[in-house]
Amino acid sequence: MSARDPLPDLLIAVPVVILVCQAGAQLFRRFGQPPVIGEITLGIMLGPSLLGWISPEAQAWLFPESVLPFIGAFGNIGLLAFMFLIGLELDLGTLRGHRGTAVAVSQASIVLPLVLGSLLALAMFGSFAPPGVGRLPFVLFIAVSMSVTAFPVLARVLTDRGLVGTRIGSLAMACAAVDDVTAWCLLAAVVAVSTSGSPAEALTTAALAAVFLAVMVYTLRPLLARWAKRAERTVDGVVLVVLFSGLCLSALATDRIGVHALFGAFVFGLVTPRGSMVIERCTARLRAFSVLVLLPLFFVSTGLHTDVSLLAGDPVQWLWALAILAVAMLGKWGGSTAGARLAGQSWRDSLAIGALMNCRGLTELVVLNLGLELGVIGPDLFTMLVLMALITTGLTSPALSWIRREKFRGSARTASEPPALDGAKPAAVGGADLERGQERDQERDQALEPTTAR
C-alpha cells in the first residue's frame with residue numbers, strides 16, 4: 001500500500017500558518033510590540049499549548065504526521081535565510097566612536113548571565129537534564145541561552161521609537177553587534193562540546209571552525225567584493241541564485257564541521273558586501289519570501305514542541321520557570337546596566353540600554369531549538385525557556401517607555417517599504433552606492449578583526 005501523498009495536507013497547513021502568524025503580527029503591532037512577538041505567540045498557540053489542548057483532533061487534522069517533516073524542512077530553510085540576513089544586517093561599523101563602551105557593555109551582559117545561568121543549570125541538572133546528557137554540555141547551554149540578545153528585534157524597537165541614529169540608539173546597536181558575535185561564537189563552542197565524543201574531537205571541531213571563519217573573512221570576502229562590482233550588470237535572478245547557493249553551501253560546510261548549519265549561513269551574510277544595488281534588491285526579495293512565508297513554519301515547528309500543559313499541574317515547575325525568568329532578567333538587564341554605568345553612561349541611559357539588551361526574540365528561539373535538536377534540553381525545560389524568551393522580549397517596549405517617559409509613536413515604516421527582518425530596519429534599496437558600501441565594509445573589516453581575535 002502506497003503512502004499517502006502529503007501535498008494536499010501541506011497545501012492546507014502552509015497558508016493557514018502564514019495567515020495566522022501575519023494576523024498575530026498585525027495584532028501585536030497595535031500594542032506597540034515587535035511583530036515577531038505576535039508571530040511566535042500565534043505559532044505556539046497552533047501547537048499543543050492551545051489548539052491541541054482545545055481540540056486534539058483539529059491539531060491532528062491541520063498538522064498530520066505526513067506533513068511535519070516538510071514543515072520542519074521548509075522552516076529550517078527559512079531559518080538559514082534569516083541567519084544570512086542577520087549577518088548581512090549586522091554592521092560592526094557602528095562600533096566607531098562607541099567601541100570601548102560597546103565592548104564593556106556587551107561583555108558585562110554576557111559574563112553575568114553566563115555565571116548566573118551556570119549556577120542555575122547546576123541546580124536544575126538533576127531534575128531537567130535528559131538521560132545521557134553530561135553536566136558540562138547542559139550547564140554550558142543554559143548559560144549561553146541566558147546571554148542572548150535579539151539584534152533584529154532590538155533594531156525594530158529602535159526604529160519604532162525613532163531612536164535610530166541617536167546617541168543611545170547607536171550605542172545600543174553597537175553593544176548588540178558585539179554581543180551577537182560573541183554569543184554565536186560561544187554557542188558554536190557549546191555545540192562542538194555537545195556533539196563531540198571526546199575533548200580531542202571538540203578541539204578538532206573548534207580548529208576547523210576557526211579555519212572556516214578565516215577562509216570566509218580573508219579569502220571569500222575579497223572575492224565577493226570584486227564580484228559585486230561586476231554584479232551591477234548581471235541579471236537579478238543570477239545574483240539571487242548565487243547568494244542563496246552561497247548561504248546553503250556555507251551552511252553545509254559548518255554542518256559537516258560539527259558546529260551546525262546556522263553558523264555557516266550567518267558567517268556568509270557577515271562577509272557578503274553591502275552597498276551594491278543589485279545585492280540590495282536580491283536580499284530584499286529573499287527577505288520578503290523567507291521572513292513572510294518560510295519563517296512562520298519555524299514558529300509553528302517551535303509551537304508543536306512547546307506544551308504549557310507540561311507545567312500546568314506542577315507548582316514546582318512554575319517555580320523553576322520563575323527562577324529562569326528572574327535569572328535571565330537579572331543577568332542580562334542587570335549586567336548591561338552595570339556595564340553601561342561603569343562606562344560612564346547616565347543611570348537613565350544605562351537602564352535603557354539594559355532593557356534593550358534584555359530583548360531576546362527569535363534569536364533565542366533559534367538557540368533553544370538547537371538545544372532541543374541536540375537533545376541537551378527536554379520538552380519541559382524547552383517550554384520554560386520559550387516562555388522566558390517571550391516575556392523578556394515583550395517587556396522591552398513598555399520598559400523603554402517607562403524609563404524614557406515617552407509614549408509609543410507607532411512604526412515609522414510606510415506601507416511601501418519591504419517587510420523588515422524580524423523587526424530589523426529593511427535594506428535601503430538604491431539608497432547607497434557601491435563605493436559607500438565598500439567604505440562601510442572597510443569599517444566592518446576593522447571592527448571584525450579584533451572581535452574575531454577575542
# chains A, B, ... in the order shown; residues from 1 in each chain; ligands from 1

$ residues_around --residues "region 57-70 of chain A" --least-positions-apart "2" --cutoff "6 Å" --atoms "only C-alpha atoms" --output "number ranges by chain"
A: 6, 10, 13, 52, 55, 72-73

$ select_by_dssp --residues "region 21-225 of chain A" --states "alpha helix (DSSP H)" --output "PyMOL selection string"
chain A and resi 21-30+35-45+51-54+56-62+68-89+99-128+135-145+151-160+167-195+199-215+221-225

$ closest_residue --among "A:Leu351, A:Ala177, A:Met83, A:Val308" --to "Gln107 (chain A)" --atoms "only C-alpha atoms"
A:Ala177

$ closest_residue --among "A:Ile12, A:Gly43, A:Val103, A:Val133" --to "Leu342 (chain A)" --atoms "only C-alpha atoms"
A:Val103

$ residues_around --residues "Leu356 (chain A)" --least-positions-apart "4" --cutoff "10 Å" --atoms "only C-alpha atoms" --output "list in words"
Thr149, Ala150, Phe151, Val153, Leu154, Ala155, Val157, Leu158, Gly169, Ala172, Met173, Cys175, Ala176, Lys332, Trp333, Ser336, Ser350, Leu351, Ala352, Arg360, Thr392, Thr393, Leu395, Thr396, Ser397, Ala399 and Leu400 of chain A

$ residues_around --residues "Ala189 (chain A)" --least-positions-apart "4" --cutoff "7 Å" --atoms "only C-alpha atoms" --output "JSON, numbers by chain"
{"A": [185, 193, 206]}

$ write_last_selection --atoms "N, CA and C atoms" --output "tab-separated table (two decimals), in the first residue's frame"
chain	number	residue	atom	x	y	z
A	185	CYS	N	29.63	32.80	18.81
A	185	CYS	CA	30.89	32.07	18.98
A	185	CYS	C	30.81	31.12	20.17
A	193	VAL	N	31.15	20.99	21.88
A	193	VAL	CA	31.28	20.15	23.08
A	193	VAL	C	30.17	19.12	23.14
A	206	ALA	N	36.69	22.85	16.87
A	206	ALA	CA	36.97	24.28	17.07
A	206	ALA	C	38.02	24.76	16.08

$ residues_around --residues "region 140-148 of chain A" --least-positions-apart "5" --cutoff "8 Å" --atoms "only C-alpha atoms" --output "JSON, numbers by chain"
{"A": [109, 110, 111, 113, 114, 115, 116, 117, 118, 121, 179, 180, 183, 186, 187, 190, 327, 328, 331, 332, 360, 363, 364, 367, 368, 371, 376]}

$ residues_around --residues "Leu220 (chain A)" --least-positions-apart "3" --cutoff "12 Å" --atoms "only C-alpha atoms" --output "list in words"
Phe212, Leu213, Ala214, Val215, Met216, Val217, Leu223, Leu224, Ala225, Arg226, Trp227, Gly246, Ser250, Val267, Phe268, Gly269, Leu270, Val271, Thr272 and Pro273 of chain A

$ closest_residue --among "A:Glu201, A:Met45, A:Ile71, A:Val139" --to "Leu7 (chain A)" --atoms "only C-alpha atoms"
A:Ile71

$ closest_atom_pairs --of "region 202-233 of chain A" --to "region 279-285 of chain A" --cutoff "10 Å" --atoms "only C-alpha atoms" --output "Markdown table"
| residue | atom | partner | partner_atom | distance |
| --- | --- | --- | --- | --- |
| A:Ala228 | CA | A:Ile279 | CA | 7.7 |
| A:Ala231 | CA | A:Ile279 | CA | 8.0 |
| A:Glu232 | CA | A:Ile279 | CA | 8.4 |

$ write_last_selection --atoms "C-alpha atoms" --output "short mmCIF file (atom, residue, chain, number, x, y, z; two decimals), in the first residue's frame"
data_model
loop_
_atom_site.label_atom_id
_atom_site.label_comp_id
_atom_site.auth_asym_id
_atom_site.auth_seq_id
_atom_site.Cartn_x
_atom_site.Cartn_y
_atom_site.Cartn_z
CA ALA A 228 29.86 42.77 -6.51
CA ALA A 231 27.19 42.20 -10.49
CA GLU A 232 25.55 45.56 -11.28
#

$ residues_around --residues "Ile37 (chain A)" --least-positions-apart "3" --cutoff "9 Å" --atoms "only C-alpha atoms" --output "PyMOL selection string"
chain A and resi 24-25+28-29+33-34+40-42+361-362+390+393-394

$ write_last_selection --atoms "all heavy atoms" --output "compact mmCIF listing (two decimals), in the first residue's frame"
# COMPACT_ATOMS: atom_id res chain seq x y z
N GLY A 24 -1.29 37.58 13.87
CA GLY A 24 -0.66 37.85 15.17
C GLY A 24 0.30 39.02 15.10
O GLY A 24 0.35 39.84 16.02
N ALA A 25 1.05 39.13 14.01
CA ALA A 25 1.99 40.25 13.86
C ALA A 25 1.26 41.58 13.83
O ALA A 25 1.66 42.54 14.49
CB ALA A 25 2.81 40.06 12.58
N PHE A 28 -0.26 42.39 17.45
CA PHE A 28 0.71 42.80 18.46
C PHE A 28 1.35 44.14 18.10
O PHE A 28 1.77 44.87 18.99
CB PHE A 28 1.77 41.72 18.64
CG PHE A 28 1.36 40.63 19.58
CD1 PHE A 28 0.33 39.76 19.27
CD2 PHE A 28 1.97 40.49 20.82
CE1 PHE A 28 -0.07 38.76 20.13
CE2 PHE A 28 1.59 39.49 21.70
CZ PHE A 28 0.57 38.62 21.36
N ARG A 29 1.43 44.46 16.81
CA ARG A 29 1.98 45.75 16.41
C ARG A 29 1.10 46.89 16.94
O ARG A 29 1.60 47.96 17.30
CB ARG A 29 2.09 45.84 14.89
CG ARG A 29 2.67 47.17 14.41
CD ARG A 29 2.68 47.28 12.90
NE ARG A 29 3.78 46.51 12.32
CZ ARG A 29 3.62 45.53 11.46
NH1 ARG A 29 2.41 45.16 11.09
NH2 ARG A 29 4.66 44.90 10.96
N GLN A 33 4.19 46.27 20.22
CA GLN A 33 5.15 45.17 20.32
C GLN A 33 5.75 44.87 18.95
O GLN A 33 5.10 45.07 17.93
CB GLN A 33 4.44 43.92 20.85
CG GLN A 33 4.00 44.02 22.30
CD GLN A 33 5.18 43.98 23.26
OE1 GLN A 33 6.30 43.64 22.89
NE2 GLN A 33 4.93 44.36 24.50
N PRO A 34 6.99 44.37 18.91
CA PRO A 34 7.56 43.94 17.63
C PRO A 34 6.68 42.86 17.01
O PRO A 34 6.20 41.96 17.71
CB PRO A 34 8.93 43.37 18.03
CG PRO A 34 9.25 44.02 19.34
CD PRO A 34 7.94 44.23 20.04
N ILE A 40 5.37 34.60 16.85
CA ILE A 40 5.80 33.50 17.71
C ILE A 40 4.65 33.02 18.59
O ILE A 40 4.40 31.82 18.73
CB ILE A 40 6.99 33.94 18.58
CG1 ILE A 40 8.21 34.25 17.71
CG2 ILE A 40 7.34 32.86 19.60
CD1 ILE A 40 9.37 34.87 18.47
N THR A 41 3.91 33.98 19.17
CA THR A 41 2.82 33.63 20.08
C THR A 41 1.74 32.84 19.36
O THR A 41 1.27 31.81 19.86
CB THR A 41 2.21 34.91 20.69
OG1 THR A 41 3.24 35.63 21.39
CG2 THR A 41 1.10 34.56 21.67
N LEU A 42 1.34 33.31 18.18
CA LEU A 42 0.29 32.59 17.44
C LEU A 42 0.80 31.25 16.94
O LEU A 42 0.04 30.27 16.88
CB LEU A 42 -0.20 33.45 16.27
CG LEU A 42 -1.40 34.38 16.55
CD1 LEU A 42 -2.65 33.56 16.83
CD2 LEU A 42 -1.12 35.32 17.72
N GLY A 361 13.78 37.63 21.68
CA GLY A 361 13.10 37.42 20.42
C GLY A 361 13.41 36.11 19.73
O GLY A 361 13.64 35.06 20.35
N LEU A 362 13.41 36.17 18.41
CA LEU A 362 13.58 34.99 17.57
C LEU A 362 14.96 34.38 17.73
O LEU A 362 15.13 33.16 17.62
CB LEU A 362 13.32 35.36 16.11
CG LEU A 362 13.51 34.26 15.07
CD1 LEU A 362 12.69 33.03 15.41
CD2 LEU A 362 13.13 34.78 13.69
N LEU A 390 9.70 34.94 25.36
CA LEU A 390 8.55 35.77 25.01
C LEU A 390 8.36 36.91 26.02
O LEU A 390 8.10 38.06 25.64
CB LEU A 390 7.28 34.92 24.95
CG LEU A 390 7.11 34.04 23.72
CD1 LEU A 390 5.88 33.15 23.86
CD2 LEU A 390 7.00 34.88 22.46
N THR A 393 11.21 39.60 25.84
CA THR A 393 11.08 40.41 24.62
C THR A 393 9.87 41.33 24.71
O THR A 393 9.94 42.50 24.32
CB THR A 393 10.95 39.50 23.39
OG1 THR A 393 12.04 38.58 23.37
CG2 THR A 393 10.97 40.31 22.10
N GLY A 394 8.75 40.81 25.23
CA GLY A 394 7.55 41.63 25.36
C GLY A 394 7.71 42.79 26.32
O GLY A 394 7.03 43.81 26.20

$ closest_residue --among "A:Val191, A:Leu374, A:Val20, A:Leu325" --to "Met388 (chain A)" --atoms "only C-alpha atoms"
A:Leu325

$ atom_distance --atom1 "CA of Gly132 (chain A)" --atom2 "CA of Pro379 (chain A)"
15.3 Å

$ closest_residue --among "A:Asn369, A:Ser170, A:Thr254, A:Ser401" --to "Ala102 (chain A)" --atoms "only C-alpha atoms"
A:Ser170

$ decode --residues "region 333-346 of chain A" --atoms "all heavy atoms" --output "mmCIF file, in the first residue's frame"
data_model
loop_
_atom_site.group_PDB
_atom_site.id
_atom_site.type_symbol
_atom_site.label_atom_id
_atom_site.label_comp_id
_atom_site.auth_asym_id
_atom_site.auth_seq_id
_atom_site.Cartn_x
_atom_site.Cartn_y
_atom_site.Cartn_z
ATOM 1 N N TRP A 333 19.724 42.219 31.890
ATOM 2 C CA TRP A 333 19.392 43.622 32.148
ATOM 3 C C TRP A 333 20.365 44.208 33.170
ATOM 4 O O TRP A 333 20.919 45.295 32.980
ATOM 5 C CB TRP A 333 17.955 43.729 32.645
ATOM 6 C CG TRP A 333 17.355 45.096 32.540
ATOM 7 C CD1 TRP A 333 18.017 46.292 32.461
ATOM 8 C CD2 TRP A 333 15.967 45.421 32.506
ATOM 9 N NE1 TRP A 333 17.127 47.338 32.390
ATOM 10 C CE2 TRP A 333 15.859 46.830 32.414
ATOM 11 C CE3 TRP A 333 14.809 44.656 32.555
ATOM 12 C CZ2 TRP A 333 14.620 47.472 32.374
ATOM 13 C CZ3 TRP A 333 13.580 45.307 32.515
ATOM 14 C CH2 TRP A 333 13.490 46.702 32.418
ATOM 15 N N GLY A 334 20.592 43.456 34.260
ATOM 16 C CA GLY A 334 21.487 43.950 35.296
ATOM 17 C C GLY A 334 22.912 44.085 34.803
ATOM 18 O O GLY A 334 23.586 45.093 35.064
ATOM 19 N N GLY A 335 23.404 43.077 34.068
ATOM 20 C CA GLY A 335 24.770 43.145 33.570
ATOM 21 C C GLY A 335 24.974 44.273 32.579
ATOM 22 O O GLY A 335 25.982 44.985 32.626
ATOM 23 N N SER A 336 24.014 44.458 31.662
ATOM 24 C CA SER A 336 24.123 45.537 30.667
ATOM 25 C C SER A 336 24.073 46.902 31.337
ATOM 26 O O SER A 336 24.843 47.816 30.983
ATOM 27 C CB SER A 336 22.989 45.410 29.648
ATOM 28 O OG SER A 336 23.005 44.152 29.021
ATOM 29 N N THR A 337 23.166 47.055 32.302
ATOM 30 C CA THR A 337 23.049 48.330 33.008
ATOM 31 C C THR A 337 24.327 48.653 33.766
ATOM 32 O O THR A 337 24.837 49.781 33.711
ATOM 33 C CB THR A 337 21.856 48.291 33.976
ATOM 34 O OG1 THR A 337 20.648 48.045 33.245
ATOM 35 C CG2 THR A 337 21.719 49.602 34.742
ATOM 36 N N ALA A 338 24.858 47.659 34.465
ATOM 37 C CA ALA A 338 26.091 47.882 35.220
ATOM 38 C C ALA A 338 27.253 48.221 34.297
ATOM 39 O O ALA A 338 28.052 49.125 34.582
ATOM 40 C CB ALA A 338 26.410 46.646 36.058
ATOM 41 N N GLY A 339 27.348 47.502 33.171
ATOM 42 C CA GLY A 339 28.425 47.783 32.232
ATOM 43 C C GLY A 339 28.338 49.182 31.651
ATOM 44 O O GLY A 339 29.354 49.878 31.530
ATOM 45 N N ALA A 340 27.130 49.619 31.292
ATOM 46 C CA ALA A 340 26.952 50.965 30.743
ATOM 47 C C ALA A 340 27.251 52.030 31.790
ATOM 48 O O ALA A 340 27.867 53.065 31.486
ATOM 49 C CB ALA A 340 25.527 51.118 30.217
ATOM 50 N N ARG A 341 26.827 51.776 33.018
ATOM 51 C CA ARG A 341 27.067 52.749 34.088
ATOM 52 C C ARG A 341 28.563 52.884 34.373
ATOM 53 O O ARG A 341 29.086 53.994 34.532
ATOM 54 C CB ARG A 341 26.327 52.306 35.347
ATOM 55 C CG ARG A 341 26.432 53.289 36.508
ATOM 56 C CD ARG A 341 25.812 54.610 36.177
ATOM 57 N NE ARG A 341 25.911 55.550 37.292
ATOM 58 C CZ ARG A 341 25.971 56.869 37.165
ATOM 59 N NH1 ARG A 341 25.936 57.401 35.945
ATOM 60 N NH2 ARG A 341 26.051 57.646 38.214
ATOM 61 N N LEU A 342 29.268 51.759 34.410
ATOM 62 C CA LEU A 342 30.709 51.795 34.655
ATOM 63 C C LEU A 342 31.452 52.443 33.492
ATOM 64 O O LEU A 342 32.558 52.975 33.676
ATOM 65 C CB LEU A 342 31.230 50.378 34.879
ATOM 66 C CG LEU A 342 30.800 49.702 36.187
ATOM 67 C CD1 LEU A 342 31.261 48.258 36.222
ATOM 68 C CD2 LEU A 342 31.345 50.469 37.397
ATOM 69 N N ALA A 343 30.841 52.404 32.294
ATOM 70 C CA ALA A 343 31.460 53.031 31.121
ATOM 71 C C ALA A 343 31.175 54.524 31.051
ATOM 72 O O ALA A 343 31.592 55.186 30.088
ATOM 73 C CB ALA A 343 30.970 52.353 29.853
ATOM 74 N N GLY A 344 30.454 55.055 32.038
ATOM 75 C CA GLY A 344 30.238 56.495 32.108
ATOM 76 C C GLY A 344 28.882 56.982 31.653
ATOM 77 O O GLY A 344 28.666 58.198 31.571
ATOM 78 N N GLN A 345 27.952 56.079 31.343
ATOM 79 C CA GLN A 345 26.616 56.497 30.918
ATOM 80 C C GLN A 345 25.774 56.883 32.137
ATOM 81 O O GLN A 345 26.031 56.431 33.257
ATOM 82 C CB GLN A 345 25.924 55.370 30.151
ATOM 83 C CG GLN A 345 26.693 54.878 28.951
ATOM 84 C CD GLN A 345 26.911 55.966 27.916
ATOM 85 O OE1 GLN A 345 25.986 56.681 27.535
ATOM 86 N NE2 GLN A 345 28.159 56.110 27.464
ATOM 87 N N SER A 346 24.767 57.711 31.905
ATOM 88 C CA SER A 346 23.861 58.090 32.990
ATOM 89 C C SER A 346 23.015 56.890 33.395
ATOM 90 O O SER A 346 22.896 55.905 32.654
ATOM 91 C CB SER A 346 22.947 59.235 32.538
ATOM 92 O OG SER A 346 22.061 58.793 31.516
#
